[in-house]
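Below you'll find the structure, written out as structure tokens, and then a few comments.
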Amino acid sequence: MKIRVATYNIHKGVSSFRSTPRVLALKKAIGLFDANVVFLQEVQGRHDRYQARYGEKARSPHHHWPEAAQHEFFAGESLHAAYGMNAVYDHGHHGNALLSAYPIANMHNHDISDHAYEQRGILHCILETEAGNIHCYVVHLGLFEGSRRRQTDALVNCVKESAGENEPVIIAGDFNDWRNTLSDCLRLKLGVVEVFDELERRSSRIGDLVRNVAGRQQRLVPARTFPAAMPWFRLDRMYVRGFKVEHAEVLHGPQWARLSDHAPIVANLQLA
């Protein structure tokens, strides 16, 4: 079975500058992924201030803020959706979400907040496909390195406790791991591969030969996704287990730079 997967930090549905709504454009952009499963971070479940200013009752001629929560608006009638509420405040809340062409058999949001100033979670969804269940984990880790290490440990425990060793797994989201210090831990403890690492590993046989002669190991690095206007930092990842990675790319350019501060990743996978 082949599956197309995307991950995208949507910056709460507003532009990086002036914070103007981009929800309608984001829905169209998510449709361009042509993906079976979409992992979303910074999804606005509710925002009373934007609703009052840009909602249908406000009749804004240039921008629009839907009555429904963003994950429900993006899903429409054609996709299944799950939402994990993480950050809660007086005028609303936001968190992670999953959109899926496959039925979502079960979902659970795991609180991995490391301190009072950042609310973080792991949204775990089990998808029912014709080839069996697939475990999906939507991730958005903290801004501080110590927090990310502890949250990665929590992610490892979450996957080990909720998915069997032989069950297919997709972990995707915004890891904020700009120095790439977490990949080795996930590879070692969960048996996952990062999609760009896997493609690079398969495409560099001559490089492997040279490195073997020189006694050096291959340096695996994820793709650059932030900031979207000129991606430099490697913040967004997609790790898989039980899949062959056929293709992966970062979508960048003026269109994507206007929508969010992160560029999306899209990958084609084949169930092993």
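Ligands are numbered from 1 in the order shown, residues from 1 within each chain, and chains are lettered A, B, ... in the order they appear in the structure tokens.
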Just want the 12 Å neighbourhood of segment 11-22 of chain A, counted on only C-alpha atoms, with same-chain residues fewer than 5 positions away dropped. Output as an MDAnalysis selection string.
chainID A and resid 27:30 40:47 49:51 53:55 60:66 69:71 73:74 87 92:97 140 174 226:229 255:264
Pull C-alpha atoms from the residues just selected and write them as a compact mmCIF listing (two decimals), in the first residue's frame.
```txt
# COMPACT_ATOMS: atom_id res chain seq x y z
CA LYS A 27 -7.19 25.02 3.21
CA LYS A 28 -6.44 25.30 -0.51
CA ALA A 29 -2.72 24.74 0.12
CA ILE A 30 -3.39 21.62 2.19
CA LEU A 40 -0.55 19.80 11.55
CA GLN A 41 0.95 21.86 14.35
CA GLU A 42 -0.17 25.19 15.85
CA VAL A 43 -3.78 24.57 14.89
CA GLN A 44 -6.25 27.04 16.36
CA GLY A 45 -9.14 25.22 17.94
CA ARG A 46 -10.74 28.48 19.09
CA HIS A 47 -9.81 32.17 19.03
CA ARG A 49 -10.76 37.70 19.16
CA TYR A 50 -10.11 36.65 15.56
CA GLN A 51 -13.63 35.25 15.37
CA ARG A 53 -12.91 40.55 14.01
CA TYR A 54 -12.82 38.30 10.95
CA GLY A 55 -15.74 35.88 11.42
CA SER A 60 -14.53 41.05 6.38
CA PRO A 61 -14.04 41.58 2.63
CA HIS A 62 -10.38 40.50 2.61
CA HIS A 63 -9.97 37.86 5.31
CA HIS A 64 -12.09 35.15 6.82
CA TRP A 65 -12.13 33.25 10.09
CA PRO A 66 -14.39 30.18 9.98
CA ALA A 69 -12.31 24.92 14.54
CA GLN A 70 -9.46 24.98 12.02
CA HIS A 71 -8.99 21.20 11.89
CA PHE A 73 -12.66 23.48 8.54
CA PHE A 74 -9.64 21.94 6.79
CA ALA A 87 -2.20 25.58 24.98
CA GLY A 92 -9.11 30.26 22.99
CA HIS A 93 -6.75 27.34 22.58
CA HIS A 94 -4.46 25.68 20.02
CA GLY A 95 -2.63 22.38 19.58
CA ASN A 96 -1.83 19.60 17.10
CA ALA A 97 -4.19 17.99 14.59
CA HIS A 140 5.53 19.80 18.52
CA ASP A 174 7.92 20.46 14.47
CA PHE A 226 12.49 27.37 8.61
CA PRO A 227 11.95 30.20 7.95
CA ALA A 228 9.70 29.44 5.00
CA ALA A 229 10.86 32.47 3.00
CA GLN A 255 3.33 30.90 -2.13
CA TRP A 256 4.38 28.99 0.97
CA ALA A 257 6.28 31.89 2.52
CA ARG A 258 3.04 33.89 2.64
CA LEU A 259 1.14 31.19 4.52
CA SER A 260 3.35 30.28 7.48
CA ASP A 261 6.82 30.71 8.94
CA HIS A 262 7.48 26.98 8.34
CA ALA A 263 7.67 25.21 4.98
CA PRO A 264 5.73 21.93 4.67
```
Find the spatial neighbours of Val156 of chain A, counting only C-alpha atoms, within a cut-off of 12 Å - ignore same-chain residues fewer than 3 positions away - and output them as a ChimeraX atom specification.
/A:112,122,137,139,149-153,159-163,169,171,182-183,185-192
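A straight line drawn from atom CA of Leu199 of chain A to atom CA of Asp236 of chain A is 16.2 Å long.
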Mind checking DSSP for segment 1-211 of chain A and telling me the helix (DSSP H, G or I) residues as a compact mmCIF listing (two decimals) with N, CA, C and O atoms, in the first residue's frame?
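Dumped to part33.txt:
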```txt
# COMPACT_ATOMS: atom_id res chain seq x y z
N HIS A 11 1.25 27.96 11.88
CA HIS A 11 1.37 29.28 12.53
C HIS A 11 0.00 29.82 12.94
O HIS A 11 -0.29 31.01 12.80
N LYS A 12 -0.87 28.92 13.41
CA LYS A 12 -2.21 29.26 13.93
C LYS A 12 -3.12 29.89 12.88
O LYS A 12 -4.12 30.54 13.21
N GLY A 13 -2.77 29.71 11.62
CA GLY A 13 -3.65 30.20 10.56
C GLY A 13 -3.54 31.67 10.28
O GLY A 13 -4.42 32.24 9.62
N VAL A 23 -6.52 31.41 6.69
CA VAL A 23 -7.18 30.11 6.84
C VAL A 23 -7.72 29.59 5.52
O VAL A 23 -7.58 28.41 5.19
N LEU A 24 -8.36 30.45 4.74
CA LEU A 24 -8.88 30.02 3.44
C LEU A 24 -7.76 29.55 2.52
O LEU A 24 -7.86 28.50 1.87
N ALA A 25 -6.68 30.33 2.46
CA ALA A 25 -5.54 29.96 1.61
C ALA A 25 -4.88 28.68 2.11
O ALA A 25 -4.42 27.86 1.31
N LEU A 26 -4.84 28.50 3.42
CA LEU A 26 -4.25 27.28 3.98
C LEU A 26 -5.05 26.05 3.60
O LEU A 26 -4.49 24.99 3.30
N LYS A 27 -6.37 26.17 3.61
CA LYS A 27 -7.19 25.02 3.21
C LYS A 27 -6.89 24.62 1.76
O LYS A 27 -6.76 23.43 1.44
N LYS A 28 -6.77 25.61 0.88
CA LYS A 28 -6.44 25.30 -0.51
C LYS A 28 -5.04 24.70 -0.62
O LYS A 28 -4.81 23.76 -1.39
N ALA A 29 -4.09 25.24 0.16
CA ALA A 29 -2.72 24.74 0.12
C ALA A 29 -2.64 23.30 0.61
O ALA A 29 -1.93 22.46 0.04
N ILE A 30 -3.37 22.99 1.68
CA ILE A 30 -3.39 21.62 2.19
C ILE A 30 -3.96 20.67 1.15
O ILE A 30 -3.51 19.53 0.99
N GLY A 31 -4.94 21.14 0.37
CA GLY A 31 -5.47 20.33 -0.72
C GLY A 31 -4.43 20.04 -1.78
O GLY A 31 -4.44 18.98 -2.42
N LEU A 32 -3.49 20.99 -1.99
CA LEU A 32 -2.44 20.80 -2.98
C LEU A 32 -1.46 19.69 -2.58
O LEU A 32 -0.75 19.15 -3.43
N ASP A 48 -11.43 33.62 20.09
CA ASP A 48 -12.58 34.51 20.13
C ASP A 48 -12.29 35.88 19.51
O ASP A 48 -13.16 36.48 18.87
N ARG A 49 -11.07 36.37 19.68
CA ARG A 49 -10.76 37.70 19.16
C ARG A 49 -10.75 37.72 17.64
O ARG A 49 -11.30 38.63 17.00
N TYR A 50 -10.10 36.73 17.02
CA TYR A 50 -10.11 36.65 15.56
C TYR A 50 -11.52 36.38 15.04
O TYR A 50 -11.92 36.88 13.99
N GLN A 51 -12.27 35.56 15.78
CA GLN A 51 -13.63 35.25 15.37
C GLN A 51 -14.49 36.51 15.33
O GLN A 51 -15.27 36.74 14.40
N ALA A 52 -14.32 37.35 16.36
CA ALA A 52 -15.10 38.59 16.42
C ALA A 52 -14.69 39.56 15.32
O ALA A 52 -15.54 40.27 14.75
N ARG A 53 -13.40 39.57 14.99
CA ARG A 53 -12.91 40.55 14.01
C ARG A 53 -13.09 40.09 12.58
O ARG A 53 -13.41 40.89 11.69
N TYR A 54 -12.85 38.79 12.33
CA TYR A 54 -12.82 38.30 10.95
C TYR A 54 -13.88 37.24 10.66
O TYR A 54 -13.91 36.68 9.55
N GLN A 70 -10.24 25.07 13.26
CA GLN A 70 -9.46 24.98 12.02
C GLN A 70 -9.36 23.56 11.50
O GLN A 70 -9.47 23.31 10.29
N HIS A 71 -9.14 22.58 12.38
CA HIS A 71 -8.99 21.20 11.89
C HIS A 71 -10.28 20.71 11.25
O HIS A 71 -10.26 19.97 10.26
N GLU A 72 -11.43 21.12 11.78
CA GLU A 72 -12.70 20.74 11.18
C GLU A 72 -12.92 21.44 9.86
O GLU A 72 -13.43 20.84 8.90
N PHE A 73 -12.53 22.71 9.79
CA PHE A 73 -12.66 23.48 8.54
C PHE A 73 -11.78 22.88 7.45
O PHE A 73 -12.21 22.73 6.29
N PHE A 74 -10.54 22.53 7.78
CA PHE A 74 -9.64 21.94 6.79
C PHE A 74 -10.13 20.57 6.33
O PHE A 74 -10.00 20.22 5.16
N ALA A 75 -10.68 19.79 7.24
CA ALA A 75 -11.12 18.44 6.90
C ALA A 75 -12.34 18.46 5.99
O ALA A 75 -12.47 17.63 5.09
N GLU A 145 16.39 23.18 24.82
CA GLU A 145 17.00 21.89 24.51
C GLU A 145 16.75 20.85 25.60
O GLU A 145 16.47 19.69 25.32
N GLY A 146 16.87 21.26 26.87
CA GLY A 146 16.61 20.32 27.95
C GLY A 146 15.19 19.80 27.92
O GLY A 146 14.95 18.61 28.15
N SER A 147 14.25 20.68 27.63
CA SER A 147 12.84 20.26 27.52
C SER A 147 12.67 19.29 26.37
O SER A 147 11.95 18.28 26.51
N ARG A 148 13.31 19.56 25.25
CA ARG A 148 13.16 18.67 24.09
C ARG A 148 13.70 17.28 24.38
O ARG A 148 13.12 16.28 23.93
N ARG A 149 14.79 17.19 25.12
CA ARG A 149 15.32 15.86 25.48
C ARG A 149 14.31 15.09 26.32
O ARG A 149 14.05 13.90 26.07
N ARG A 150 13.76 15.75 27.32
CA ARG A 150 12.78 15.06 28.17
C ARG A 150 11.51 14.73 27.40
O ARG A 150 10.91 13.67 27.60
N GLN A 151 11.09 15.61 26.50
CA GLN A 151 9.91 15.34 25.69
C GLN A 151 10.16 14.22 24.69
O GLN A 151 9.24 13.45 24.38
N THR A 152 11.38 14.11 24.20
CA THR A 152 11.73 13.00 23.31
C THR A 152 11.67 11.68 24.07
O THR A 152 11.20 10.66 23.54
N ASP A 153 12.14 11.67 25.30
CA ASP A 153 12.02 10.47 26.14
C ASP A 153 10.55 10.10 26.32
O ASP A 153 10.18 8.91 26.27
N ALA A 154 9.71 11.10 26.53
CA ALA A 154 8.28 10.85 26.67
C ALA A 154 7.69 10.31 25.37
O ALA A 154 6.82 9.42 25.38
N LEU A 155 8.17 10.82 24.23
CA LEU A 155 7.72 10.32 22.93
C LEU A 155 8.10 8.86 22.75
O LEU A 155 7.29 8.04 22.30
N VAL A 156 9.34 8.53 23.09
CA VAL A 156 9.80 7.14 22.98
C VAL A 156 8.91 6.22 23.83
O VAL A 156 8.46 5.16 23.38
N ASN A 157 8.65 6.62 25.06
CA ASN A 157 7.81 5.81 25.94
C ASN A 157 6.40 5.68 25.39
O ASN A 157 5.78 4.61 25.46
N CYS A 158 5.88 6.77 24.86
CA CYS A 158 4.53 6.77 24.29
C CYS A 158 4.42 5.77 23.14
O CYS A 158 3.47 4.98 23.08
N VAL A 159 5.39 5.80 22.23
CA VAL A 159 5.35 4.89 21.09
C VAL A 159 5.51 3.44 21.54
O VAL A 159 4.79 2.54 21.07
N LYS A 160 6.43 3.20 22.45
CA LYS A 160 6.66 1.83 22.92
C LYS A 160 5.42 1.25 23.62
O LYS A 160 5.13 0.06 23.51
N GLU A 161 4.72 2.11 24.34
CA GLU A 161 3.55 1.64 25.10
C GLU A 161 2.30 1.50 24.24
O GLU A 161 1.40 0.72 24.58
N SER A 162 2.23 2.22 23.12
CA SER A 162 0.98 2.25 22.35
C SER A 162 1.05 1.53 21.01
O SER A 162 0.01 1.22 20.43
N SER A 183 17.71 12.85 16.64
CA SER A 183 17.48 11.78 15.66
C SER A 183 18.10 10.46 16.07
O SER A 183 17.50 9.39 15.91
N ASP A 184 19.33 10.49 16.58
CA ASP A 184 20.01 9.25 16.96
C ASP A 184 19.23 8.51 18.03
O ASP A 184 19.12 7.27 18.00
N CYS A 185 18.68 9.24 18.99
CA CYS A 185 17.89 8.62 20.06
C CYS A 185 16.66 7.92 19.50
O CYS A 185 16.36 6.78 19.86
N LEU A 186 15.97 8.59 18.60
CA LEU A 186 14.75 8.00 18.02
C LEU A 186 15.08 6.80 17.15
O LEU A 186 14.38 5.78 17.18
N ARG A 187 16.16 6.89 16.37
CA ARG A 187 16.56 5.76 15.53
C ARG A 187 16.92 4.55 16.37
O ARG A 187 16.53 3.41 16.07
N LEU A 188 17.69 4.79 17.43
CA LEU A 188 18.17 3.70 18.27
C LEU A 188 17.05 3.05 19.07
O LEU A 188 16.95 1.82 19.14
N LYS A 189 16.18 3.86 19.67
CA LYS A 189 15.20 3.32 20.61
C LYS A 189 13.89 2.89 19.96
O LYS A 189 13.17 2.07 20.52
N LEU A 190 13.58 3.45 18.79
CA LEU A 190 12.31 3.12 18.15
C LEU A 190 12.46 2.42 16.80
O LEU A 190 11.47 1.95 16.24
N VAL A 195 12.87 10.58 6.88
CA VAL A 195 12.64 10.33 5.45
C VAL A 195 13.76 10.87 4.57
O VAL A 195 14.17 10.20 3.61
N PHE A 196 14.30 12.04 4.88
CA PHE A 196 15.38 12.59 4.06
C PHE A 196 16.69 11.85 4.31
O PHE A 196 17.49 11.64 3.39
N ASP A 197 16.91 11.43 5.56
CA ASP A 197 18.08 10.62 5.86
C ASP A 197 18.07 9.33 5.05
O ASP A 197 19.09 8.90 4.50
N GLU A 198 16.90 8.71 4.97
CA GLU A 198 16.78 7.43 4.27
C GLU A 198 17.04 7.59 2.78
O GLU A 198 17.73 6.77 2.16
N LEU A 199 16.52 8.64 2.19
CA LEU A 199 16.76 8.88 0.76
C LEU A 199 18.23 9.16 0.49
O LEU A 199 18.80 8.68 -0.49
N GLU A 200 18.86 9.94 1.36
CA GLU A 200 20.28 10.24 1.21
C GLU A 200 21.13 8.99 1.36
O GLU A 200 22.10 8.79 0.63
N ARG A 201 20.73 8.14 2.29
CA ARG A 201 21.49 6.91 2.53
C ARG A 201 21.47 6.01 1.30
O ARG A 201 22.47 5.40 0.94
N ARG A 202 20.33 5.94 0.62
CA ARG A 202 20.21 5.05 -0.53
C ARG A 202 20.85 5.63 -1.79
O ARG A 202 21.19 4.88 -2.70
N SER A 203 20.97 6.95 -1.85
CA SER A 203 21.42 7.59 -3.10
C SER A 203 22.92 7.87 -3.13
O SER A 203 23.41 8.43 -4.11
N ARG A 205 25.84 5.72 -2.81
CA ARG A 205 26.66 4.50 -2.72
C ARG A 205 28.14 4.81 -2.95
O ARG A 205 29.01 4.25 -2.28
N ILE A 206 28.44 5.68 -3.91
CA ILE A 206 29.84 6.05 -4.15
C ILE A 206 30.38 6.78 -2.93
O ILE A 206 31.51 6.54 -2.47
N GLY A 207 29.56 7.67 -2.37
CA GLY A 207 29.98 8.38 -1.17
C GLY A 207 30.23 7.42 -0.02
O GLY A 207 31.17 7.61 0.77
N ASP A 208 29.41 6.38 0.10
CA ASP A 208 29.62 5.38 1.15
C ASP A 208 30.97 4.69 0.98
O ASP A 208 31.68 4.43 1.96
N LEU A 209 31.32 4.38 -0.28
CA LEU A 209 32.59 3.72 -0.54
C LEU A 209 33.75 4.60 -0.11
O LEU A 209 34.70 4.16 0.54
N VAL A 210 33.69 5.88 -0.47
CA VAL A 210 34.74 6.83 -0.10
C VAL A 210 34.83 6.95 1.41
O VAL A 210 35.92 6.96 1.99
N ARG A 211 33.68 7.04 2.08
CA ARG A 211 33.69 7.17 3.54
C ARG A 211 34.24 5.92 4.22
O ARG A 211 34.96 6.01 5.22
```
Would you please extract all strand (DSSP E or B) residues from segment 12-179 of chain A, as assigned by DSSP on the backbone, and give them as JSON, numbers by chain?
{"A": [14, 21, 37, 38, 39, 40, 41, 42, 43, 44, 45, 46, 47, 80, 81, 82, 83, 84, 85, 86, 87, 88, 89, 92, 93, 94, 95, 96, 97, 98, 99, 100, 104, 105, 106, 107, 108, 109, 110, 111, 115, 118, 121, 122, 123, 124, 125, 126, 127, 128, 129, 132, 133, 134, 135, 136, 137, 138, 139, 140, 169, 170, 171, 172, 173, 174]}
What's around segment 125-130 of chain A at 8 Å? Count only C-alpha atoms, leave out sequence neighbours fewer than 6 positions away in its own chain, and write the answer as a PyMOL selection string.
chain A and resi 82+98+100+102-108+136-137
Go ahead and dump the residues you just picked, N, CA and C atoms, as a PDB file, in the first residue's frame.
```pdb
ATOM      1  N   ALA A  82      -8.700  14.769  13.817  1.00  0.00           N
ATOM      2  CA  ALA A  82      -8.517  14.655  15.270  1.00  0.00           C
ATOM      3  C   ALA A  82      -7.720  15.860  15.736  1.00  0.00           C
ATOM      4  N   LEU A  98      -4.596  16.068  13.204  1.00  0.00           N
ATOM      5  CA  LEU A  98      -4.329  15.106  12.139  1.00  0.00           C
ATOM      6  C   LEU A  98      -5.532  15.067  11.217  1.00  0.00           C
ATOM      7  N   SER A 100      -7.040  12.898   7.935  1.00  0.00           N
ATOM      8  CA  SER A 100      -6.806  11.567   7.378  1.00  0.00           C
ATOM      9  C   SER A 100      -7.917  11.160   6.420  1.00  0.00           C
ATOM     10  N   TYR A 102      -8.249   8.092   5.884  1.00  0.00           N
ATOM     11  CA  TYR A 102      -8.629   6.822   6.494  1.00  0.00           C
ATOM     12  C   TYR A 102      -9.363   7.087   7.804  1.00  0.00           C
ATOM     13  N   PRO A 103     -10.269   6.189   8.182  1.00  0.00           N
ATOM     14  CA  PRO A 103     -10.951   6.363   9.472  1.00  0.00           C
ATOM     15  C   PRO A 103      -9.949   6.371  10.634  1.00  0.00           C
ATOM     16  N   ILE A 104     -10.211   7.211  11.618  1.00  0.00           N
ATOM     17  CA  ILE A 104      -9.389   7.284  12.818  1.00  0.00           C
ATOM     18  C   ILE A 104     -10.062   6.419  13.872  1.00  0.00           C
ATOM     19  N   ALA A 105      -9.463   5.256  14.128  1.00  0.00           N
ATOM     20  CA  ALA A 105     -10.077   4.292  15.044  1.00  0.00           C
ATOM     21  C   ALA A 105      -9.981   4.739  16.492  1.00  0.00           C
ATOM     22  N   ASN A 106      -8.897   5.432  16.809  1.00  0.00           N
ATOM     23  CA  ASN A 106      -8.687   5.846  18.197  1.00  0.00           C
ATOM     24  C   ASN A 106      -7.734   7.020  18.216  1.00  0.00           C
ATOM     25  N   MET A 107      -7.883   7.919  19.193  1.00  0.00           N
ATOM     26  CA  MET A 107      -6.965   9.041  19.345  1.00  0.00           C
ATOM     27  C   MET A 107      -6.798   9.355  20.831  1.00  0.00           C
ATOM     28  N   HIS A 108      -5.579   9.823  21.150  1.00  0.00           N
ATOM     29  CA  HIS A 108      -5.292  10.225  22.535  1.00  0.00           C
ATOM     30  C   HIS A 108      -4.223  11.304  22.508  1.00  0.00           C
ATOM     31  N   CYS A 136       0.015   6.992  14.122  1.00  0.00           N
ATOM     32  CA  CYS A 136       0.512   8.324  13.762  1.00  0.00           C
ATOM     33  C   CYS A 136       0.673   9.169  15.025  1.00  0.00           C
ATOM     34  N   TYR A 137       1.798   9.863  15.120  1.00  0.00           N
ATOM     35  CA  TYR A 137       2.091  10.697  16.285  1.00  0.00           C
ATOM     36  C   TYR A 137       2.438  12.098  15.792  1.00  0.00           C
TER      37      TYR A 137
END
```
